[in-house]
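Colleague: Sharing work.txt here; it has compact mmCIF, C-alpha atoms.
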```
# COMPACT_ATOMS: atom_id res chain seq x y z
CA MET A 1 -161.24 8.11 0.77
CA SER A 2 -159.09 6.79 -2.09
CA THR A 3 -155.34 7.38 -2.15
CA GLN A 4 -155.45 7.62 -5.96
CA THR A 5 -156.14 10.93 -7.71
CA ILE A 6 -157.42 9.23 -10.86
CA GLU A 7 -159.13 5.83 -10.90
CA VAL A 8 -160.48 4.09 -13.99
CA ASP A 9 -162.03 0.62 -13.73
CA GLY A 10 -163.74 -1.21 -16.59
CA LEU A 11 -164.36 1.97 -18.62
CA ARG A 12 -166.32 1.48 -21.81
CA GLN A 13 -167.38 4.17 -24.25
CA ARG A 14 -169.41 3.90 -27.47
CA TYR A 15 -170.22 6.04 -30.48
CA GLY A 16 -173.28 4.32 -31.89
CA ASP A 17 -172.23 0.78 -32.78
CA PHE A 18 -168.52 1.57 -32.47
CA GLU A 19 -166.93 0.80 -29.11
CA ALA A 20 -164.05 3.28 -28.80
CA VAL A 21 -162.94 2.19 -25.30
CA ARG A 22 -163.27 -1.46 -24.29
CA GLY A 23 -163.11 -2.01 -20.55
CA ILE A 24 -159.84 -0.32 -19.61
CA GLY A 25 -158.51 0.36 -16.13
CA PHE A 26 -155.65 2.28 -14.53
CA SER A 27 -154.95 4.57 -11.59
CA VAL A 28 -152.70 7.57 -10.98
CA GLY A 29 -151.43 8.66 -7.57
CA ALA A 30 -151.05 12.26 -6.43
CA GLY A 31 -148.00 14.03 -7.82
CA ARG A 32 -147.45 11.41 -10.54
CA LEU A 33 -147.41 11.64 -14.32
CA PHE A 34 -149.20 8.93 -16.29
CA ALA A 35 -148.73 8.82 -20.08
CA LEU A 36 -151.48 7.31 -22.22
CA LEU A 37 -150.02 6.29 -25.58
CA GLY A 38 -151.47 4.82 -28.74
CA THR A 39 -152.19 5.42 -32.40
CA ASN A 40 -154.87 7.78 -33.67
CA GLY A 41 -158.21 6.12 -32.96
CA ALA A 42 -156.87 3.99 -30.11
CA GLY A 43 -159.27 5.57 -27.61
CA LYS A 44 -156.93 7.97 -25.78
CA THR A 45 -158.85 11.17 -26.43
CA THR A 46 -162.18 9.53 -25.59
CA THR A 47 -160.72 8.35 -22.30
CA MET A 48 -159.43 11.85 -21.58
CA GLU A 49 -162.84 13.38 -22.38
CA VAL A 50 -164.55 11.09 -19.87
CA LEU A 51 -162.02 11.96 -17.17
CA GLU A 52 -162.29 15.67 -17.97
CA GLY A 53 -166.06 15.50 -17.48
CA PHE A 54 -167.05 16.26 -21.07
CA ARG A 55 -169.03 13.02 -21.40
CA PRO A 56 -170.30 10.35 -19.00
CA ALA A 57 -168.88 6.85 -19.03
CA ALA A 58 -171.09 4.38 -20.89
CA SER A 59 -170.16 1.79 -18.26
CA GLY A 60 -167.48 1.18 -15.69
CA SER A 61 -166.23 3.38 -12.88
CA VAL A 62 -164.29 6.65 -13.27
CA ARG A 63 -163.19 8.78 -10.30
CA LEU A 64 -161.26 12.04 -10.27
CA LEU A 65 -160.21 13.49 -6.91
CA ASP A 66 -162.65 11.01 -5.34
CA ALA A 67 -165.58 12.41 -7.34
CA ASP A 68 -167.48 11.63 -10.53
CA PRO A 69 -165.88 13.84 -13.21
CA TYR A 70 -169.14 14.21 -15.18
CA ARG A 71 -171.72 14.50 -12.42
CA ASP A 72 -169.48 16.62 -10.18
CA ARG A 73 -167.75 18.59 -12.94
CA ARG A 74 -168.81 21.98 -11.57
CA ALA A 75 -167.19 21.28 -8.21
CA LEU A 76 -164.10 19.77 -9.84
CA ARG A 77 -163.52 22.46 -12.45
CA PRO A 78 -161.54 24.87 -10.19
CA ARG A 79 -159.20 22.03 -9.25
CA VAL A 80 -158.45 20.83 -12.79
CA GLY A 81 -156.42 22.24 -15.68
CA ILE A 82 -157.03 21.08 -19.24
CA MET A 83 -154.89 21.55 -22.34
CA LEU A 84 -156.82 20.27 -25.34
CA GLN A 85 -155.37 19.43 -28.75
CA GLU A 86 -157.23 22.47 -30.13
CA SER A 87 -158.01 25.35 -27.80
CA GLY A 88 -160.05 27.85 -29.81
CA LEU A 89 -158.06 30.92 -28.76
CA ILE A 90 -159.49 34.32 -29.71
CA GLY A 91 -157.11 35.64 -32.33
CA ASP A 92 -157.79 39.37 -31.85
CA LEU A 93 -156.96 39.36 -28.13
CA THR A 94 -153.38 39.90 -27.06
CA VAL A 95 -151.52 37.22 -25.15
CA ALA A 96 -151.80 39.28 -21.95
CA GLU A 97 -155.53 39.87 -22.46
CA THR A 98 -156.06 36.15 -23.01
CA VAL A 99 -154.28 35.24 -19.79
CA GLY A 100 -156.20 37.98 -17.97
CA LEU A 101 -159.50 36.56 -19.20
CA TRP A 102 -158.60 33.09 -17.90
CA ARG A 103 -157.39 34.50 -14.58
CA ASP A 104 -160.85 36.02 -14.04
CA LEU A 105 -162.30 32.50 -14.09
CA HIS A 106 -160.25 31.35 -11.07
CA ALA A 107 -160.38 32.24 -7.38
CA ASP A 108 -156.61 32.14 -6.79
CA PRO A 109 -154.83 32.36 -10.13
CA LEU A 110 -151.15 32.74 -10.80
CA PRO A 111 -150.04 36.31 -11.54
CA ALA A 112 -150.21 36.89 -15.29
CA ASP A 113 -146.51 37.66 -15.61
CA GLU A 114 -145.62 34.48 -13.72
CA ALA A 115 -147.81 32.33 -15.97
CA LEU A 116 -146.24 33.83 -19.09
CA LYS A 117 -142.72 33.48 -17.70
CA LYS A 118 -143.28 29.78 -17.04
CA VAL A 119 -144.00 29.20 -20.75
CA ASP A 120 -141.43 31.71 -22.01
CA LEU A 121 -143.95 34.11 -23.56
CA THR A 122 -143.16 37.24 -21.56
CA ASP A 123 -141.82 39.05 -24.62
CA ARG A 124 -145.00 38.20 -26.58
CA SER A 125 -147.50 39.53 -24.03
CA GLY A 126 -148.58 42.49 -26.19
CA ILE A 127 -148.85 40.49 -29.41
CA ALA A 128 -152.22 39.44 -30.84
CA VAL A 129 -152.79 35.71 -30.50
CA ARG A 130 -153.28 35.34 -34.26
CA GLN A 131 -149.70 36.52 -34.77
CA LEU A 132 -148.23 33.69 -32.70
CA SER A 133 -146.62 30.67 -34.30
CA GLY A 134 -148.20 27.27 -33.80
CA GLY A 135 -145.69 26.35 -31.12
CA GLN A 136 -146.22 29.66 -29.30
CA LYS A 137 -149.98 29.07 -29.28
CA ARG A 138 -149.38 25.67 -27.67
CA ARG A 139 -147.29 27.35 -24.98
CA LEU A 140 -150.09 29.85 -24.40
CA ASP A 141 -152.52 26.92 -24.13
CA LEU A 142 -150.29 25.50 -21.41
CA ALA A 143 -150.19 28.82 -19.56
CA LEU A 144 -154.00 28.89 -19.53
CA ALA A 145 -154.13 25.30 -18.28
CA ILE A 146 -151.90 26.03 -15.28
CA VAL A 147 -152.98 29.58 -14.42
CA GLY A 148 -155.58 28.28 -11.94
CA ARG A 149 -152.97 26.27 -9.95
CA PRO A 150 -154.64 22.91 -10.76
CA GLU A 151 -154.31 19.82 -8.62
CA VAL A 152 -154.81 17.69 -11.74
CA LEU A 153 -153.56 18.63 -15.20
CA PHE A 154 -154.70 16.98 -18.45
CA LEU A 155 -152.26 17.47 -21.33
CA ASP A 156 -153.41 16.27 -24.75
CA GLU A 157 -150.44 16.35 -27.18
CA PRO A 158 -148.96 19.38 -25.40
CA THR A 159 -145.77 19.88 -27.44
CA THR A 160 -147.14 19.43 -30.97
CA GLY A 161 -145.72 22.16 -33.21
CA MET A 162 -143.03 23.25 -30.76
CA ASP A 163 -139.40 23.57 -31.79
CA PRO A 164 -136.87 21.42 -29.88
CA GLU A 165 -135.88 24.23 -27.49
CA ALA A 166 -139.51 25.01 -26.59
CA ARG A 167 -140.26 21.30 -26.19
CA ILE A 168 -137.41 20.83 -23.71
CA GLY A 169 -138.54 23.93 -21.81
CA THR A 170 -142.07 22.54 -21.64
CA TRP A 171 -140.78 19.21 -20.35
CA ARG A 172 -138.89 21.06 -17.63
CA LEU A 173 -142.03 22.96 -16.61
CA ILE A 174 -144.10 19.77 -16.50
CA GLN A 175 -141.46 18.12 -14.31
CA GLU A 176 -141.56 21.11 -11.96
CA LEU A 177 -145.35 20.89 -11.71
CA VAL A 178 -145.22 17.18 -10.90
CA ALA A 179 -142.46 17.76 -8.33
CA GLY A 180 -144.76 20.36 -6.75
CA GLY A 181 -147.55 17.80 -6.32
CA THR A 182 -149.63 18.22 -9.49
CA THR A 183 -151.01 14.99 -10.93
CA VAL A 184 -150.66 14.88 -14.73
CA LEU A 185 -152.35 12.70 -17.35
CA LEU A 186 -150.51 13.07 -20.65
CA THR A 187 -151.17 11.88 -24.18
CA THR A 188 -148.39 12.24 -26.72
CA HIS A 189 -147.10 10.83 -29.99
CA TYR A 190 -143.53 11.67 -28.95
CA LEU A 191 -142.29 8.50 -27.29
CA GLU A 192 -139.18 10.29 -26.00
CA GLU A 193 -141.54 12.66 -24.18
CA ALA A 194 -143.23 9.76 -22.40
CA GLU A 195 -139.91 8.08 -21.58
CA ARG A 196 -138.53 11.27 -20.06
CA LEU A 197 -141.58 12.44 -18.11
CA ALA A 198 -143.79 9.52 -17.13
CA ASP A 199 -143.77 7.59 -13.86
CA ARG A 200 -145.98 5.02 -15.57
CA ILE A 201 -147.32 4.52 -19.08
CA ALA A 202 -150.05 2.57 -20.83
CA ILE A 203 -150.22 1.80 -24.55
CA MET A 204 -153.71 1.59 -26.03
CA HIS A 205 -154.64 -0.16 -29.27
CA ARG A 206 -158.14 -0.55 -30.66
CA GLY A 207 -159.77 0.63 -27.46
CA GLU A 208 -157.80 -1.63 -25.12
CA ILE A 209 -154.73 -1.19 -22.93
CA ARG A 210 -152.25 -3.72 -24.29
CA VAL A 211 -149.39 -3.04 -21.87
CA ALA A 212 -148.88 -0.84 -18.81
CA GLY A 213 -146.25 -0.15 -16.16
CA THR A 214 -143.06 1.82 -15.76
CA VAL A 215 -140.99 2.21 -18.93
CA PRO A 216 -138.42 -0.39 -17.75
CA GLU A 217 -141.25 -2.82 -16.92
CA VAL A 218 -142.88 -2.28 -20.31
CA VAL A 219 -139.73 -2.80 -22.38
CA SER A 220 -138.19 -5.60 -20.30
CA GLY A 221 -140.30 -8.35 -21.82
CA HIS A 222 -139.61 -7.39 -25.42
CA GLY A 223 -136.11 -8.74 -25.83
CA ASP A 224 -132.73 -7.48 -26.98
CA ARG A 225 -131.94 -6.40 -30.54
CA ILE A 226 -128.86 -7.68 -32.39
CA ALA A 227 -128.00 -6.31 -35.84
CA PHE A 228 -125.17 -5.99 -38.36
CA ARG A 229 -124.81 -4.88 -41.97
CA VAL A 230 -124.52 -7.90 -44.27
CA PRO A 231 -121.62 -7.76 -46.75
CA ALA A 232 -122.54 -7.95 -50.42
CA HIS A 233 -120.89 -11.38 -50.89
CA THR A 234 -122.78 -13.05 -48.01
CA PRO A 235 -126.00 -14.88 -49.01
CA ILE A 236 -128.99 -14.01 -46.85
CA ASP A 237 -129.93 -17.68 -46.54
CA ALA A 238 -126.52 -18.37 -44.99
CA LEU A 239 -127.22 -16.20 -41.94
CA PRO A 240 -127.48 -18.13 -38.66
CA LEU A 241 -130.44 -18.70 -36.40
CA LEU A 242 -130.05 -16.79 -33.15
CA ASP A 243 -132.14 -17.83 -30.17
CA GLY A 244 -133.85 -20.16 -32.63
CA ARG A 245 -134.97 -17.32 -34.90
CA PRO A 246 -134.00 -16.33 -38.43
CA ALA A 247 -132.79 -12.84 -39.20
CA GLU A 248 -135.17 -10.09 -40.26
CA ILE A 249 -133.75 -8.18 -43.22
CA ALA A 250 -134.02 -4.43 -43.70
CA VAL A 251 -132.32 -2.40 -46.43
CA THR A 252 -130.35 0.66 -45.28
CA ASP A 253 -128.46 2.84 -47.79
CA GLY A 254 -128.87 0.12 -50.38
CA LEU A 255 -127.32 -2.61 -48.23
CA PRO A 256 -129.14 -5.31 -46.23
CA THR A 257 -129.05 -5.23 -42.44
CA ALA A 258 -129.72 -8.44 -40.53
CA ARG A 259 -131.66 -8.06 -37.29
CA TRP A 260 -132.64 -10.53 -34.58
CA THR A 261 -134.84 -10.14 -31.51
CA VAL A 262 -133.61 -12.29 -28.63
CA SER A 263 -136.10 -13.30 -25.93
CA GLY A 264 -136.65 -10.72 -23.19
CA GLY A 265 -135.70 -10.97 -19.55
CA ASP A 266 -132.45 -12.80 -20.38
CA PRO A 267 -132.40 -14.85 -17.16
CA ASP A 268 -129.99 -17.38 -18.64
CA GLY A 269 -127.76 -15.20 -20.80
CA ARG A 270 -129.59 -15.67 -24.10
CA ALA A 271 -128.38 -12.38 -25.55
CA HIS A 272 -124.76 -13.16 -24.61
CA ARG A 273 -124.99 -16.63 -26.13
CA ALA A 274 -126.63 -15.25 -29.28
CA VAL A 275 -123.84 -12.71 -29.77
CA ALA A 276 -121.20 -15.41 -29.15
CA ALA A 277 -122.89 -17.64 -31.73
CA LEU A 278 -122.95 -14.80 -34.27
CA VAL A 279 -119.26 -14.01 -33.68
CA ALA A 280 -118.35 -17.70 -34.08
CA TRP A 281 -120.40 -17.93 -37.30
CA ALA A 282 -118.67 -14.84 -38.69
CA ALA A 283 -115.19 -16.09 -37.76
CA GLU A 284 -115.83 -19.45 -39.39
CA ARG A 285 -116.87 -17.81 -42.68
CA GLY A 286 -114.56 -14.81 -42.63
CA VAL A 287 -117.48 -12.39 -42.45
CA THR A 288 -116.93 -8.90 -41.03
CA LEU A 289 -119.66 -7.88 -38.59
CA ASP A 290 -119.94 -4.34 -39.91
CA ARG A 291 -121.86 -1.97 -37.62
CA LEU A 292 -122.63 -4.72 -35.12
CA SER A 293 -125.03 -3.46 -32.45
CA VAL A 294 -126.61 -5.02 -29.39
CA ARG A 295 -129.24 -3.04 -27.51
CA PRO A 296 -132.26 -3.59 -25.28
CA ALA A 297 -135.75 -3.03 -26.63
CA SER A 298 -136.94 0.57 -26.72
CA LEU A 299 -140.36 2.01 -26.09
CA GLU A 300 -140.62 2.52 -29.84
CA ASP A 301 -140.02 -1.21 -30.40
CA VAL A 302 -142.80 -2.06 -27.95
CA PHE A 303 -145.15 0.53 -29.48
CA LEU A 304 -144.59 -0.76 -33.02
CA SER A 305 -145.01 -4.40 -31.99
CA ILE A 306 -148.39 -3.56 -30.45
CA VAL A 307 -149.53 -1.46 -33.42
CA GLU A 308 -148.55 -4.24 -35.85
CA SER A 309 -150.42 -6.88 -33.84
CA ARG A 310 -153.98 -7.90 -34.60
```
Would you encode the structure as structure tokens?
Modeller:
Amino acid sequence: MSTQTIEVDGLRQRYGDFEAVRGIGFSVGAGRLFALLGTNGAGKTTTMEVLEGFRPAASGSVRLLDADPYRDRRALRPRVGIMLQESGLIGDLTVAETVGLWRDLHADPLPADEALKKVDLTDRSGIAVRQLSGGQKRRLDLALAIVGRPEVLFLDEPTTGMDPEARIGTWRLIQELVAGGTTVLLTTHYLEEAERLADRIAIMHRGEIRVAGTVPEVVSGHGDRIAFRVPAHTPIDALPLLDGRPAEIAVTDGLPTARWTVSGGDPDGRAHRAVAALVAWAAERGVTLDRLSVRPASLEDVFLSIVESR
């Protein structure tokens, strides 16, 4: 028996002549959260649909709780919770009636009041679903996904439409579920969400996984960022090369900002030497390094570099 709750190996999926997923692979252990990131059309939702048992894999191997999620979906369904991007809630039912309906589909559901308390909807239990805000509907979607005490939870853009307070509360609940042993596969466009919650991440682009690992592993190879605001009297072509690279120029508040990316890993102090070279250049020319910043690469930097690649 496998020690991994989710296993994907060589998954391919087509829609006619279009190959949406091109031979990807990853695994997720029990009680871990794996975040699958990427732009719209990258193949995330298709991958989720295969794992959720909504469609068979065109080729490759996919295992969920040591079973085939499509062929064995009836046996797996009681053990899995799913929060789709769009849920199709019945607007005329109250929140309590909706939770009650979902509870009837499970052998050992959470008490209704407990499910609502977890998503902070207790005070909305008697309200018709159609009267909820978009963020409140997403929280109700989450309550329905967890009411059956799932071993595996699929969350597709779970916090879209939530205000900051509700988003933080949802993050806290997800962390509690993972700490309690639930395995979670998450897709999100909020990179901060992935950084905060995920044990491991993968970034998809054009149907392929371009990078995967822990957040520190993913960002470590993408260098350090050095930047300062260029004074009006300093010619752009007079800026130095740092780590052998010219500055990239961006305009902020009408003034140019010079930016350099110094090679990642920094085993031989490249970032330190680059900053020292910039300081020496500025001292020699009497240039003030206004708003000088030095920082490691972020997940956003990695994401944008992948999206901008061919």
Colleague: So that I can check the surroundings of stretch 153-158 of chain A, please list as a list in words every protein, DNA and RNA residue that reaches within 9 Å of it, counting only C-alpha atoms and ignoring chain neighbours fewer than 6 positions away.
Modeller: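 Within the cut-off, the hits are Thr45, Met48, Leu51, Glu52, Arg79, Val80, Gly81, Ile82, Met83, Leu84, Gln85, Arg138, Arg139, Asp141, Leu142, Ala145, Ile146, Arg167, Thr170, Thr182, Thr183, Val184, Leu185, Leu186, Thr187, Thr188, His189 and Tyr190 of chain A.
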Colleague: With only C-alpha atoms as the basis for distance, which of A:Ala198, A:Ile203, A:Ala96, A:Val8 is at the shortest distance from A:Lys44?
Modeller: A:Ile203
Colleague: Which one of A:Gly148, A:Gly135, A:Gly16, A:Gly221 sits closest to A:Pro111 if you count all atoms listed in the file?
Modeller: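 Comparing A:Gly148, A:Gly135, A:Gly16, A:Gly221 against A:Pro111, the winner is A:Gly148.
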Colleague: Given the choices A:Ile306, A:Leu89, A:Val50, A:Ala277, which gets closest to A:Ala20 if the distance is worked out from only C-alpha atoms?
Modeller: A:Val50
Colleague: Tell me, in Å to one decimal, how far atom CA of A:Pro69 is from atom CA of A:Ala107.
Modeller: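 Interatomic distance, atom CA of A:Pro69 to atom CA of A:Ala107: 20.1 Å.
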Colleague: So that I can see what lies close to A:Val307, please list as a list in words the residues with an atom at most 9 Å from it, counting all atoms listed in the file and leaving out residues fewer than 5 positions away in the same chain.
Modeller: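 Counting all atoms listed in the file, the residues come to Gly38, Thr39, His205 and Val302 of chain A.
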Colleague: Closest to A:Arg55 among A:Glu193, A:Glu176, A:Asp290, A:Asp72, using only C-alpha atoms?
Modeller: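 Closest to A:Arg55 of all the choices is A:Asp72.
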Colleague: Hey, what's within 9 Å of A:Ser263 if we count all atoms listed in the file and toss same-chain stuff fewer than 3 positions away? As a list in words, please?
Modeller: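 My reading of the contact set: Gly221, His222, Gly223, Asp224, Asp243, Asp266, Arg270 and Ala271 of chain A.
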Colleague: So how many Å separate atom CA of A:Ala166 and atom CA of A:Gln136, to one decimal?
Modeller: 8.6 Å
Colleague: Taking into account only C-alpha atoms, which residue in the set A:Glu217, A:Asp108, A:Glu208, A:Glu284 is nearest to A:Ile24?
Modeller: A:Glu208
Colleague: Please measure the separation of atom CA of A:Thr288 and atom CA of A:His272, giving the value in Å to one decimal.
Modeller: 18.7 Å
Colleague: Considering all atoms listed in the file, state which residue in the set A:Pro109, A:Gly207, A:Gly126, A:Pro296 is at the smallest distance from A:Thr46.
Modeller: A:Gly207
Colleague: Could you give me, as a list of chain:residue names, the residues within 7 Å of stretch 253-260 of chain A, counting all atoms listed in the file and dropping anything in the same chain fewer than 4 positions from it?
Modeller: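 My list of contacting residues is A:Arg225, A:Ile226, A:Ala227, A:Phe228, A:Arg229, A:Val230, A:Leu242, A:Ala247, A:Glu248, A:Ile249.
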Colleague: Save out the residues we just selected, C-alpha atoms, as a PDB file, in the frame of the given file.
Modeller:
```pdb
ATOM      1  CA  ARG A 225    -131.940  -6.400 -30.540  1.00  0.00           C
ATOM      2  CA  ILE A 226    -128.860  -7.680 -32.390  1.00  0.00           C
ATOM      3  CA  ALA A 227    -128.000  -6.310 -35.840  1.00  0.00           C
ATOM      4  CA  PHE A 228    -125.170  -5.990 -38.360  1.00  0.00           C
ATOM      5  CA  ARG A 229    -124.810  -4.880 -41.970  1.00  0.00           C
ATOM      6  CA  VAL A 230    -124.520  -7.900 -44.270  1.00  0.00           C
ATOM      7  CA  LEU A 242    -130.050 -16.790 -33.150  1.00  0.00           C
ATOM      8  CA  ALA A 247    -132.790 -12.840 -39.200  1.00  0.00           C
ATOM      9  CA  GLU A 248    -135.170 -10.090 -40.260  1.00  0.00           C
ATOM     10  CA  ILE A 249    -133.750  -8.180 -43.220  1.00  0.00           C
TER      11      ILE A 249
END
```
Colleague: With 5 Å added on each side, what axis-aligned box encloses every listed atom of stretch 44-60 of chain A? Give the centre and edge lengths in Å to one decimal, as lines of an AutoDock Vina configuration file.
Modeller:
```
center_x = -164.0
center_y = 8.7
center_z = -21.1
size_x = 24.2
size_y = 25.1
size_z = 20.7
```
Colleague: Write out as a PyMOL selection string each polymer residue whose atoms come within 8 Å of stretch 128-130 of chain A, counting all atoms listed in the file; drop sequence neighbours fewer than 5 positions from it.
Modeller: chain A and resi 89-95+137
